[in-house]
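Engineer: Input my_file-v7.cif, format and content: mmCIF, C-alpha atoms and all ligand atoms.
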```
data_data
loop_
_atom_site.group_PDB
_atom_site.id
_atom_site.type_symbol
_atom_site.label_atom_id
_atom_site.label_comp_id
_atom_site.auth_asym_id
_atom_site.auth_seq_id
_atom_site.Cartn_x
_atom_site.Cartn_y
_atom_site.Cartn_z
ATOM 1 C CA MET A 1 0.000 0.000 0.000
ATOM 2 C CA LYS A 2 1.397 3.356 -1.005
ATOM 3 C CA PHE A 3 0.511 6.752 0.450
ATOM 4 C CA ASP A 4 1.583 9.997 -1.189
ATOM 5 C CA ILE A 5 1.059 12.942 1.151
ATOM 6 C CA LEU A 6 0.732 16.417 -0.360
ATOM 7 C CA THR A 7 1.606 18.837 2.426
ATOM 8 C CA ILE A 8 3.489 22.041 3.226
ATOM 9 C CA PHE A 9 4.657 20.462 6.520
ATOM 10 C CA PRO A 10 6.241 17.100 5.600
ATOM 11 C CA GLU A 11 8.266 17.105 8.840
ATOM 12 C CA MET A 12 5.038 16.614 10.833
ATOM 13 C CA PHE A 13 4.889 13.034 9.509
ATOM 14 C CA GLU A 14 8.176 12.070 11.195
ATOM 15 C CA THR A 15 6.199 10.804 14.217
ATOM 16 C CA LEU A 16 4.722 8.040 12.037
ATOM 17 C CA LYS A 17 8.174 6.477 11.849
ATOM 18 C CA SER A 18 7.867 5.352 15.459
ATOM 19 C CA SER A 19 5.599 2.573 16.643
ATOM 20 C CA ILE A 20 3.895 -0.068 14.505
ATOM 21 C CA ILE A 21 3.642 2.146 11.426
ATOM 22 C CA GLY A 22 7.411 2.701 11.525
ATOM 23 C CA LYS A 23 7.972 -1.061 11.592
ATOM 24 C CA ALA A 24 5.574 -1.484 8.660
ATOM 25 C CA ILE A 25 7.566 1.094 6.657
ATOM 26 C CA GLU A 26 10.847 -0.679 7.509
ATOM 27 C CA LYS A 27 9.343 -4.001 6.417
ATOM 28 C CA GLU A 28 8.122 -2.289 3.206
ATOM 29 C CA LEU A 29 4.532 -3.350 3.877
ATOM 30 C CA ILE A 30 3.521 0.271 3.397
ATOM 31 C CA LYS A 31 5.280 3.187 1.746
ATOM 32 C CA ILE A 32 4.746 6.806 2.790
ATOM 33 C CA ASN A 33 6.063 9.318 0.275
ATOM 34 C CA LEU A 34 6.049 12.931 1.470
ATOM 35 C CA VAL A 35 5.536 15.556 -1.228
ATOM 36 C CA ASN A 36 6.297 19.126 -0.206
ATOM 37 C CA ILE A 37 3.750 21.290 -2.074
ATOM 38 C CA ARG A 38 6.104 24.258 -1.661
ATOM 39 C CA ASP A 39 8.617 22.570 -3.999
ATOM 40 C CA PHE A 40 6.088 23.132 -6.816
ATOM 41 C CA SER A 41 5.812 26.890 -6.325
ATOM 42 C CA THR A 42 7.303 28.894 -9.184
ATOM 43 C CA ASP A 43 7.369 32.062 -7.093
ATOM 44 C CA LYS A 44 10.851 33.240 -6.029
ATOM 45 C CA HIS A 45 9.680 33.350 -2.396
ATOM 46 C CA LYS A 46 8.143 29.837 -2.722
ATOM 47 C CA LYS A 47 4.727 31.309 -2.003
ATOM 48 C CA VAL A 48 1.862 28.760 -1.862
ATOM 49 C CA ASP A 49 -1.102 30.803 -0.582
ATOM 50 C CA ASP A 50 -3.179 33.587 -2.073
ATOM 51 C CA THR A 51 -6.424 35.527 -1.558
ATOM 52 C CA PRO A 52 -9.404 33.420 -2.777
ATOM 53 C CA TYR A 53 -10.540 33.551 -6.427
ATOM 54 C CA GLY A 54 -13.750 35.596 -6.596
ATOM 55 C CA GLY A 55 -13.095 37.279 -3.244
ATOM 56 C CA GLY A 56 -13.631 36.316 0.379
ATOM 57 C CA ALA A 57 -11.730 36.542 3.647
ATOM 58 C CA GLY A 58 -8.467 34.801 4.481
ATOM 59 C CA MET A 59 -6.012 32.926 2.281
ATOM 60 C CA VAL A 60 -6.239 29.744 0.238
ATOM 61 C CA MET A 61 -3.607 27.434 -1.171
ATOM 62 C CA MET A 62 -2.950 28.269 -4.831
ATOM 63 C CA PRO A 63 -4.547 25.807 -7.292
ATOM 64 C CA ASP A 64 -1.706 25.616 -9.833
ATOM 65 C CA VAL A 65 0.892 24.765 -7.165
ATOM 66 C CA VAL A 66 -1.325 22.027 -5.670
ATOM 67 C CA TYR A 67 -2.071 20.702 -9.165
ATOM 68 C CA ARG A 68 1.602 20.362 -10.084
ATOM 69 C CA ALA A 69 2.306 18.527 -6.805
ATOM 70 C CA PHE A 70 -0.601 16.155 -7.564
ATOM 71 C CA LYS A 71 0.571 15.530 -11.159
ATOM 72 C CA SER A 72 4.015 14.526 -9.880
ATOM 73 C CA VAL A 73 2.603 11.475 -8.048
ATOM 74 C CA LYS A 74 -0.645 10.619 -9.860
ATOM 75 C CA THR A 75 -1.045 7.210 -11.528
ATOM 76 C CA LYS A 76 -4.053 5.388 -13.033
ATOM 77 C CA LYS A 77 -4.568 3.539 -9.736
ATOM 78 C CA SER A 78 -4.555 6.590 -7.434
ATOM 79 C CA LYS A 79 -7.432 7.635 -5.235
ATOM 80 C CA VAL A 80 -7.188 11.261 -4.094
ATOM 81 C CA ILE A 81 -8.437 12.139 -0.623
ATOM 82 C CA TYR A 82 -8.814 15.641 0.749
ATOM 83 C CA MET A 83 -8.858 15.950 4.540
ATOM 84 C CA SER A 84 -11.548 18.495 5.393
ATOM 85 C CA PRO A 85 -13.989 19.189 8.257
ATOM 86 C CA GLN A 86 -16.747 19.262 5.602
ATOM 87 C CA GLY A 87 -15.934 15.758 4.377
ATOM 88 C CA GLU A 88 -17.612 12.416 4.929
ATOM 89 C CA LYS A 89 -17.007 11.279 8.509
ATOM 90 C CA LEU A 90 -14.366 8.556 8.824
ATOM 91 C CA ASN A 91 -15.514 5.319 10.439
ATOM 92 C CA GLN A 92 -14.259 1.731 10.567
ATOM 93 C CA LYS A 93 -16.275 0.709 7.505
ATOM 94 C CA LYS A 94 -14.715 3.523 5.465
ATOM 95 C CA VAL A 95 -11.251 2.604 6.765
ATOM 96 C CA GLU A 96 -11.750 -0.976 5.569
ATOM 97 C CA GLU A 97 -12.915 0.232 2.168
ATOM 98 C CA LEU A 98 -9.861 2.492 1.753
ATOM 99 C CA ALA A 99 -7.557 -0.359 2.769
ATOM 100 C CA ASN A 100 -8.505 -2.054 -0.516
ATOM 101 C CA CYS A 101 -6.896 0.780 -2.486
ATOM 102 C CA GLU A 102 -3.376 0.302 -3.807
ATOM 103 C CA HIS A 103 -2.456 3.953 -3.884
ATOM 104 C CA LEU A 104 -3.849 6.828 -1.820
ATOM 105 C CA ILE A 105 -2.881 10.433 -2.440
ATOM 106 C CA ILE A 106 -3.773 12.505 0.628
ATOM 107 C CA LEU A 107 -4.063 16.245 0.226
ATOM 108 C CA CYS A 108 -3.551 18.284 3.419
ATOM 109 C CA GLY A 109 -5.043 21.767 3.451
ATOM 110 C CA HIS A 110 -4.104 24.851 5.465
ATOM 111 C CA TYR A 111 -5.157 28.456 5.953
ATOM 112 C CA GLU A 112 -8.855 28.698 5.078
ATOM 113 C CA GLY A 113 -8.485 25.698 2.751
ATOM 114 C CA ILE A 114 -7.485 25.056 -0.839
ATOM 115 C CA ASP A 115 -8.866 26.849 -3.914
ATOM 116 C CA GLN A 116 -12.131 25.031 -4.729
ATOM 117 C CA ARG A 117 -11.319 24.747 -8.450
ATOM 118 C CA VAL A 118 -8.427 22.336 -7.825
ATOM 119 C CA ILE A 119 -10.475 20.353 -5.258
ATOM 120 C CA ASP A 120 -13.210 19.864 -7.885
ATOM 121 C CA LYS A 121 -10.667 18.809 -10.485
ATOM 122 C CA ILE A 122 -8.495 16.288 -8.605
ATOM 123 C CA VAL A 123 -10.239 15.077 -5.429
ATOM 124 C CA ASP A 124 -12.147 11.756 -5.401
ATOM 125 C CA GLU A 125 -13.225 11.833 -1.751
ATOM 126 C CA GLU A 126 -13.390 14.466 0.966
ATOM 127 C CA ILE A 127 -12.926 12.906 4.403
ATOM 128 C CA SER A 128 -13.228 14.318 7.932
ATOM 129 C CA ILE A 129 -11.943 12.671 11.108
ATOM 130 C CA GLY A 130 -14.600 14.438 13.207
ATOM 131 C CA ASP A 131 -16.724 17.539 13.620
ATOM 132 C CA TYR A 132 -14.002 19.991 14.620
ATOM 133 C CA VAL A 133 -11.547 22.245 12.845
ATOM 134 C CA LEU A 134 -7.778 21.888 13.130
ATOM 135 C CA THR A 135 -5.046 24.201 11.835
ATOM 136 C CA GLY A 136 -4.220 21.767 9.042
ATOM 137 C CA GLY A 137 -5.063 18.449 7.422
ATOM 138 C CA GLU A 138 -1.815 16.755 8.543
ATOM 139 C CA ILE A 139 -3.090 15.266 11.825
ATOM 140 C CA PRO A 140 -6.269 13.980 10.087
ATOM 141 C CA ALA A 141 -4.033 12.465 7.356
ATOM 142 C CA MET A 142 -2.003 10.663 10.026
ATOM 143 C CA VAL A 143 -5.198 9.305 11.592
ATOM 144 C CA LEU A 144 -6.228 7.993 8.167
ATOM 145 C CA ILE A 145 -2.821 6.418 7.445
ATOM 146 C CA ASP A 146 -2.709 4.740 10.862
ATOM 147 C CA SER A 147 -6.243 3.346 10.701
ATOM 148 C CA VAL A 148 -5.889 2.099 7.092
ATOM 149 C CA SER A 149 -2.399 0.611 7.611
ATOM 150 C CA ARG A 150 -3.708 -1.687 10.356
ATOM 151 C CA TYR A 151 -5.559 -3.548 7.607
ATOM 152 C CA VAL A 152 -2.475 -4.163 5.495
ATOM 153 C CA LYS A 153 -1.417 -7.788 5.832
ATOM 154 C CA GLY A 154 1.532 -8.235 8.161
ATOM 155 C CA VAL A 155 1.300 -4.806 9.824
ATOM 156 C CA LEU A 156 -0.293 -6.163 12.997
ATOM 157 C CA LYS A 157 1.504 -9.023 14.685
ATOM 158 C CA GLU A 158 -1.536 -11.168 15.343
ATOM 159 C CA ASP A 159 -2.418 -10.811 11.699
ATOM 160 C CA SER A 160 0.608 -12.757 10.496
ATOM 161 C CA ILE A 161 0.947 -15.143 13.463
ATOM 162 C CA LYS A 162 -2.581 -16.152 14.310
ATOM 163 C CA GLU A 163 -5.409 -15.754 11.822
ATOM 164 C CA GLU A 164 -7.953 -16.496 14.562
ATOM 165 C CA SER A 165 -7.078 -13.476 16.692
ATOM 166 C CA PHE A 166 -7.429 -11.348 13.565
ATOM 167 C CA SER A 167 -11.035 -12.393 13.092
ATOM 168 C CA ASN A 168 -11.725 -11.892 16.818
ATOM 169 C CA ARG A 169 -10.372 -8.379 16.595
ATOM 170 C CA THR A 170 -12.421 -7.654 13.509
ATOM 171 C CA PHE A 171 -15.471 -8.959 15.308
ATOM 172 C CA ARG A 172 -14.859 -6.714 18.314
ATOM 173 C CA ILE A 173 -14.561 -3.667 16.045
ATOM 174 C CA SER A 174 -17.685 -4.519 14.082
ATOM 175 C CA THR A 175 -19.569 -5.023 17.377
ATOM 176 C CA ILE A 176 -18.580 -1.557 18.571
ATOM 177 C CA TYR A 177 -19.465 -0.185 15.160
ATOM 178 C CA LYS A 178 -22.911 -1.797 15.217
ATOM 179 C CA THR A 179 -23.638 -0.686 18.804
ATOM 180 C CA ARG A 180 -22.802 2.874 17.899
ATOM 181 C CA THR A 181 -24.617 2.896 14.595
ATOM 182 C CA PHE A 182 -27.831 1.044 15.311
HETATM 183 C C1 LIG B 201 -10.769 23.926 6.453
HETATM 184 C C2 LIG B 201 -10.929 23.438 5.164
HETATM 185 C C3 LIG B 201 -9.535 18.384 8.432
HETATM 186 C C4 LIG B 201 -9.705 23.508 7.232
HETATM 187 C C5 LIG B 201 -10.000 22.553 4.662
HETATM 188 C C6 LIG B 201 -8.774 19.516 8.134
HETATM 189 C C7 LIG B 201 -10.123 19.372 10.509
HETATM 190 C C8 LIG B 201 -10.213 18.314 9.639
HETATM 191 C C9 LIG B 201 -8.756 22.629 6.719
HETATM 192 C C10 LIG B 201 -8.911 22.147 5.442
HETATM 193 C C11 LIG B 201 -8.720 20.551 9.052
HETATM 194 C C12 LIG B 201 -11.056 17.130 9.989
HETATM 195 C C13 LIG B 201 -7.604 22.188 7.561
HETATM 196 N N1 LIG B 201 -9.396 20.454 10.224
HETATM 197 N N2 LIG B 201 -12.029 17.297 10.866
HETATM 198 N N3 LIG B 201 -8.052 21.730 8.853
HETATM 199 O O1 LIG B 201 -10.835 16.049 9.452
HETATM 200 O O2 LIG B 201 -8.013 21.279 4.948
#
```
As structure tokens, please, write out the structure in this file.
Ligand code: 4GM
Structural biologist:
Amino acid sequence: MKFDILTIFPEMFETLKSSIIGKAIEKELIKINLVNIRDFSTDKHKKVDDTPYGGGAGMVMMPDVVYRAFKSVKTKKSKVIYMSPQGEKLNQKKVEELANCEHLIILCGHYEGIDQRVIDKIVDEEISIGDYVLTGGEIPAMVLIDSVSRYVKGVLKEDSIKEESFSNRTFRISTIYKTRTF
């Protein structure tokens, strides 16, 4: 499973290198490629934000810079996810569904967001980790990577050692999910 993360703060993802996710990267079960959006700015000051197209308060990430960053990693098999408080709420069922993807490109927004024109053009799914606003999409992206990676074969110990404990764990999760949903 490959993740390409489009972000202006790639260093925030260093924490993923510890713990179980770090082991999974070392074992090459998952690959996390960090793409610094700023590297795709053509401005001499490496500017990535601008006032919104058509007016409005605050700043948005410039569409052409985001688009170039996206084009640098896009393949036919990519699914593009935008972390946003307005997105579809992440739950275990969604996590399982995303774990079937071979390649996820995760776009992390900042400021007031990203210019809507590039969102409309490149994003397949808008996902939220909960009904609250954070300063950026990086922490939500890490939540998504962690939850999805657990489903990759070999990432969890019990997964590779004892198939039975895997199904027990899945059952426990689905029980919680059902209790909460119905
Ligand atoms: C506003 C619009 C995701 C803010 C787009 C991102 C919370 C979540 C941001 C954005 C975020 C969430 C950045 N805050 N609930 N902040 O998943 O990308």
Engineer: From the list A:Ile106, A:Ile114, A:Met59, A:Ile21, which residue is nearest A:Leu6 when using all atoms listed in the file?
Structural biologist: A:Ile106
Engineer: Nearest residue to A:Arg68 out of A:Lys157, A:Lys94, A:Arg38, A:Lys23, using all atoms listed in the file?
Structural biologist: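 For A:Arg68, the nearest of the candidates is A:Arg38.
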Engineer: Which residues form the shell of 6 Å around ligand LIG 201 (chain B) when you count only C-alpha atoms and all ligand atoms, given as a list in words?
Structural biologist: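 Checking only C-alpha atoms and all ligand atoms against ligand LIG 201 (chain B) at 6 Å gives Met83, Ser84, Pro85, Cys108, Gly109, His110, Glu112, Gly113, Ser128, Ile129, Gly130, Asp131, Tyr132, Val133, Leu134, Thr135, Gly136, Gly137 and Pro140 of chain A.
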Engineer: Leaving out A:Thr51 and any residue of its chain fewer than 5 positions from it, which residues lie within 10 Å of it when counting only C-alpha atoms, given as a ChimeraX atom specification?
Structural biologist: /A:56-62,112,115
Engineer: From the set A:Ile119, A:Leu107, A:Val73, A:Val155, which residue has the shortest atom-to-atom contact distance to A:Glu138, counting all atoms listed in the file?
Structural biologist: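 Comparing A:Ile119, A:Leu107, A:Val73, A:Val155 against A:Glu138, the winner is A:Leu107.
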Engineer: One decimal, Å: what's the distance from atom CA of A:Arg117 over to atom CA of A:Asp39, could you say?
Structural biologist: 20.5 Å
Engineer: Which residues come within 10 Å of A:Asp64, counting only C-alpha atoms, excluding same-chain residues fewer than 5 positions away, as a ChimeraX atom specification?
Structural biologist: /A:40-42,48,69-70,115,117-118
Engineer: Which residues would end up in the selection if the PyMOL selection byres (((chain A and resi 122) around 10) and not hetatm) were applied here, given that I need the answer as a PyMOL selection string?
Structural biologist: chain A and resi 66-67+70-71+74+79-82+107+117-121+123-125
Engineer: Please evaluate the PyMOL selection byres (((chain A and resi 11) around 12) and not hetatm) against the structure above and give the resulting residues as a list in words.
Structural biologist: Ile5, Leu6, Thr7, Ile8, Phe9, Pro10, Met12, Phe13, Glu14, Thr15, Leu16, Lys17, Asn33, Leu34, Val35, Asn36, Glu138 and Ile139 of chain A
Engineer: How many Å lie between atom CA of A:Ser18 and atom CA of A:Asn91, rounded to one decimal?
Structural biologist: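 Atom-to-atom, atom CA of A:Ser18 to atom CA of A:Asn91, that is 23.9 Å.
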Engineer: Closest to A:Lys31 among A:Val148, A:Leu90, A:Leu104, A:Met1, using only C-alpha atoms?
Structural biologist: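 The shortest atom-to-atom distance to A:Lys31 comes from A:Met1.
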Engineer: Produce the centre coordinates and the three edge lengths, each in Å to one decimal, of the box along x, y and z that contains all listed atoms of stretch 16-27 of chain A with 4 Å added on each side, as JSON.
Structural biologist:
```
{"center_x": 7.2, "center_y": 2.0, "center_z": 11.5, "size_x": 15.2, "size_y": 20.0, "size_z": 18.2}
```
Engineer: Could you tell me which residues the PyMOL selection byres (((chain A and resi 146) around 12) and not hetatm) grabs in this file, written as a CSV table (one decimal) with C-alpha atoms, keeping the file's coordinate frame?
Structural biologist:
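See part-v1.csv below for the written result:
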```csv
chain,number,residue,atom,x,y,z
A,3,PHE,CA,0.5,6.8,0.4
A,13,PHE,CA,4.9,13.0,9.5
A,15,THR,CA,6.2,10.8,14.2
A,16,LEU,CA,4.7,8.0,12.0
A,17,LYS,CA,8.2,6.5,11.8
A,18,SER,CA,7.9,5.4,15.5
A,19,SER,CA,5.6,2.6,16.6
A,20,ILE,CA,3.9,-0.1,14.5
A,21,ILE,CA,3.6,2.1,11.4
A,22,GLY,CA,7.4,2.7,11.5
A,24,ALA,CA,5.6,-1.5,8.7
A,25,ILE,CA,7.6,1.1,6.7
A,30,ILE,CA,3.5,0.3,3.4
A,32,ILE,CA,4.7,6.8,2.8
A,92,GLN,CA,-14.3,1.7,10.6
A,95,VAL,CA,-11.3,2.6,6.8
A,96,GLU,CA,-11.8,-1.0,5.6
A,98,LEU,CA,-9.9,2.5,1.8
A,99,ALA,CA,-7.6,-0.4,2.8
A,139,ILE,CA,-3.1,15.3,11.8
A,140,PRO,CA,-6.3,14.0,10.1
A,141,ALA,CA,-4.0,12.5,7.4
A,142,MET,CA,-2.0,10.7,10.0
A,143,VAL,CA,-5.2,9.3,11.6
A,144,LEU,CA,-6.2,8.0,8.2
A,145,ILE,CA,-2.8,6.4,7.4
A,147,SER,CA,-6.2,3.3,10.7
A,148,VAL,CA,-5.9,2.1,7.1
A,149,SER,CA,-2.4,0.6,7.6
A,150,ARG,CA,-3.7,-1.7,10.4
A,151,TYR,CA,-5.6,-3.5,7.6
A,152,VAL,CA,-2.5,-4.2,5.5
A,155,VAL,CA,1.3,-4.8,9.8
A,156,LEU,CA,-0.3,-6.2,13.0
```
Engineer: Report, in Å with one decimal, the straight-line distance from atom CA of A:Ile105 to atom CA of A:Asp50.
Structural biologist: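 Interatomic distance, atom CA of A:Ile105 to atom CA of A:Asp50: 23.2 Å.
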Engineer: Taking all atoms listed in the file into account, name the residue in A:Lys44, A:Lys77, A:Gln86, A:Ile37 that is nearest to A:Cys101.
Structural biologist: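 Once distances to A:Cys101 are computed over all atoms listed in the file, the minimum belongs to A:Lys77.
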